[in-house]
Amino acid sequence: METPQYDVFEEFQTEDVMSYNHAKLTYRLTKSLGQYDELFDILPELEFDLSHGRAKPDVAICLPGKANWLKDIIRPTTPPLIAIEILSPRQALSDLTDKALDVYFPSGVTTVWVIIPQFKQVTVLSPTQQEVFTDGILSDAQTGIELSLTSLFKE
């Protein structure tokens with residue numbers, strides 16, 4: 001009897017390696033958003049098992065939950081309010097917009113922030129519109145969260 005070949009690498013979807021700028025932006029985002037810690041859970045690099053697929057935003061902003069230190073949640077099923085995606089150097093922009101349209105929005109995420117480091121730009125997507133921010137304060141009407149783009153993209 002012949003043993004079937006099994007390629008363990010087929011089981012894992014690879015993601016882009018995080019670059020220096022990507023890591024720096026993730027840190028700055030979580031640090032800046034930390035002021036909202038009493039109102040929201042700010043969760044970097046957490047994979048969600050959503051109704052329309054799995055997704056791991058760079059930063060997720062969620063309604064606050066209560067930590068159970070004895071029984072952890074590996075993949076939450078409740079969608080974040082905001083999913084923040086940072087474009088990686090070797091990633092196509094369409095990868096992120098497709099994820100927003102095909103996974104996030106149908107699963108109940110209301111807003112997706114797509115950050116393009118090379119242009120120092122944040123595009124805020126909703127199911128019906130998009131708005132581009134390149135300076136000043138990004139203000140999210142749904143959550144009241146404000147983010148200084150000057151601080152985010154400082155040299």
# chains A, B, ... in the order shown; residues from 1 in each chain; ligands from 1
>>> select_by_dssp(residues="range 4-82 of chain A", states="helix (DSSP H, G or I)", output="list in words")
Val8, Phe9, Glu10, Glu11, Tyr20, Asn21, His22, Ala23, Lys24, Leu25, Thr26, Tyr27, Arg28, Leu29, Thr30, Lys31, Ser32, Leu33, Gly34, Gln35 and Tyr36 of chain A
>>> residues_around(residues="Ser88 in chain A", least_positions_apart="4", cutoff="12 Å", atoms="only C-alpha atoms", output="list in words")
Glu15, Asp16, Val17, Met18, Ser19, Tyr20, Asn21, His22, Ala23, Leu25, Thr26, Asp58, Ala92, Leu93, Ser94, Asp95, Leu96, Val114, Ile115, Ile116, Pro117 and Gln118 of chain A
>>> residues_around(residues="Ala55 in chain A", least_positions_apart="2", cutoff="12 Å", atoms="only C-alpha atoms", output="PyMOL selection string")
chain A and resi 13+15+45-53+57-60+75-80+83-85+95-96+98-100+102-105+107+109
>>> atom_distance(atom1="CA of Gly65 in chain A", atom2="CA of Lys31 in chain A")
19.2 Å
>>> closest_residue(among="A:Arg54, A:Thr143, A:Leu101, A:Tyr27", to="Ile82 in chain A", atoms="only C-alpha atoms")
A:Thr143
>>> residues_around(residues="Leu138 in chain A", least_positions_apart="2", cutoff="10 Å", atoms="only C-alpha atoms", output="JSON, numbers by chain")
{"A": [122, 123, 124, 131, 132, 133, 134, 135, 136, 140, 141, 145, 146, 147, 148, 149]}
>>> select_by_dssp(residues="chain A", states="strand (DSSP E)", output="ChimeraX atom specification")
/A:41-44,48-50,53-55,59-62,82-86,111-116,121-125,130-133,137-139,146-148
>>> decode(residues="range 43-146 of chain A", atoms="C-alpha atoms", output="tab-separated table (two decimals), in the first residue's frame")
chain	number	residue	atom	x	y	z
A	43	LEU	CA	-5.94	44.13	19.55
A	44	PRO	CA	-2.89	43.89	17.28
A	45	GLU	CA	-2.35	40.84	15.05
A	46	LEU	CA	-5.34	38.82	16.31
A	47	GLU	CA	-6.90	36.40	13.84
A	48	PHE	CA	-10.70	36.39	13.66
A	49	ASP	CA	-12.89	33.52	12.48
A	50	LEU	CA	-15.60	35.61	10.84
A	51	SER	CA	-18.75	34.49	9.07
A	52	HIS	CA	-17.17	35.12	5.64
A	53	GLY	CA	-13.67	33.83	6.35
A	54	ARG	CA	-10.64	34.18	8.56
A	55	ALA	CA	-8.86	37.50	8.75
A	56	LYS	CA	-6.02	38.92	10.79
A	57	PRO	CA	-5.99	42.72	10.72
A	58	ASP	CA	-2.82	44.47	11.79
A	59	VAL	CA	-4.88	46.16	14.50
A	60	ALA	CA	-8.50	45.51	15.44
A	61	ILE	CA	-10.67	47.87	17.45
A	62	CYS	CA	-13.41	45.94	19.23
A	63	LEU	CA	-16.08	46.44	21.82
A	64	PRO	CA	-14.52	45.70	25.19
A	65	GLY	CA	-14.52	42.13	26.36
A	66	LYS	CA	-13.63	40.58	29.67
A	67	ALA	CA	-10.40	38.61	29.74
A	68	ASN	CA	-10.66	35.08	31.07
A	69	TRP	CA	-7.07	34.27	31.97
A	70	LEU	CA	-7.86	30.57	32.48
A	71	LYS	CA	-9.62	30.05	29.16
A	72	ASP	CA	-8.31	32.07	26.24
A	73	ILE	CA	-10.09	32.70	22.93
A	74	ILE	CA	-7.91	31.67	19.99
A	75	ARG	CA	-10.01	33.13	17.16
A	76	PRO	CA	-12.86	35.45	18.15
A	77	THR	CA	-15.99	35.20	16.04
A	78	THR	CA	-17.39	38.64	16.85
A	79	PRO	CA	-16.21	41.09	14.18
A	80	PRO	CA	-14.20	44.14	15.18
A	81	LEU	CA	-15.76	47.57	14.80
A	82	ILE	CA	-12.69	48.73	12.88
A	83	ALA	CA	-10.10	46.61	11.10
A	84	ILE	CA	-6.82	48.38	10.37
A	85	GLU	CA	-4.66	47.01	7.58
A	86	ILE	CA	-1.16	48.26	6.77
A	87	LEU	CA	0.02	47.67	3.22
A	88	SER	CA	3.22	45.61	3.27
A	89	PRO	CA	6.03	46.31	0.80
A	90	ARG	CA	5.35	43.23	-1.33
A	91	GLN	CA	1.58	43.20	-0.94
A	92	ALA	CA	-0.94	44.28	-3.57
A	93	LEU	CA	-3.42	46.95	-2.54
A	94	SER	CA	-6.17	44.79	-4.06
A	95	ASP	CA	-5.38	42.11	-1.43
A	96	LEU	CA	-6.54	44.53	1.25
A	97	THR	CA	-9.53	45.98	-0.60
A	98	ASP	CA	-10.68	42.46	-1.55
A	99	LYS	CA	-10.42	41.42	2.10
A	100	ALA	CA	-12.53	44.44	3.08
A	101	LEU	CA	-15.20	43.74	0.46
A	102	ASP	CA	-15.25	39.93	0.64
A	103	VAL	CA	-14.58	39.20	4.32
A	104	TYR	CA	-14.80	42.22	6.60
A	105	PHE	CA	-17.92	44.03	5.43
A	106	PRO	CA	-20.09	40.93	4.83
A	107	SER	CA	-19.07	39.70	8.31
A	108	GLY	CA	-20.21	42.91	10.03
A	109	VAL	CA	-17.07	45.05	10.27
A	110	THR	CA	-18.28	48.60	9.70
A	111	THR	CA	-15.02	50.39	8.92
A	112	VAL	CA	-11.65	49.37	7.46
A	113	TRP	CA	-8.63	51.67	7.60
A	114	VAL	CA	-6.08	50.90	4.89
A	115	ILE	CA	-2.71	52.48	5.61
A	116	ILE	CA	-0.31	53.04	2.71
A	117	PRO	CA	3.04	53.88	4.34
A	118	GLN	CA	4.79	54.96	1.13
A	119	PHE	CA	2.25	57.76	0.63
A	120	LYS	CA	1.71	58.51	4.34
A	121	GLN	CA	-1.95	57.92	3.65
A	122	VAL	CA	-4.91	56.34	5.44
A	123	THR	CA	-7.98	55.43	3.42
A	124	VAL	CA	-11.10	54.86	5.51
A	125	LEU	CA	-13.44	52.41	3.81
A	126	SER	CA	-17.05	51.66	4.61
A	127	PRO	CA	-19.41	49.53	2.53
A	128	THR	CA	-20.70	52.64	0.74
A	129	GLN	CA	-17.84	55.15	0.65
A	130	GLN	CA	-14.17	55.88	1.09
A	131	GLU	CA	-12.29	58.88	2.43
A	132	VAL	CA	-8.57	59.56	2.11
A	133	PHE	CA	-6.54	61.23	4.88
A	134	THR	CA	-2.98	62.46	4.36
A	135	ASP	CA	-2.56	64.93	7.22
A	136	GLY	CA	-4.26	66.37	10.26
A	137	ILE	CA	-6.56	64.31	12.47
A	138	LEU	CA	-8.40	61.22	11.31
A	139	SER	CA	-11.70	61.21	13.17
A	140	ASP	CA	-13.95	58.16	13.20
A	141	ALA	CA	-17.58	59.24	13.63
A	142	GLN	CA	-18.79	55.80	14.74
A	143	THR	CA	-16.38	55.38	17.65
A	144	GLY	CA	-15.19	58.94	18.35
A	145	ILE	CA	-11.60	57.76	17.92
A	146	GLU	CA	-9.17	60.40	16.71
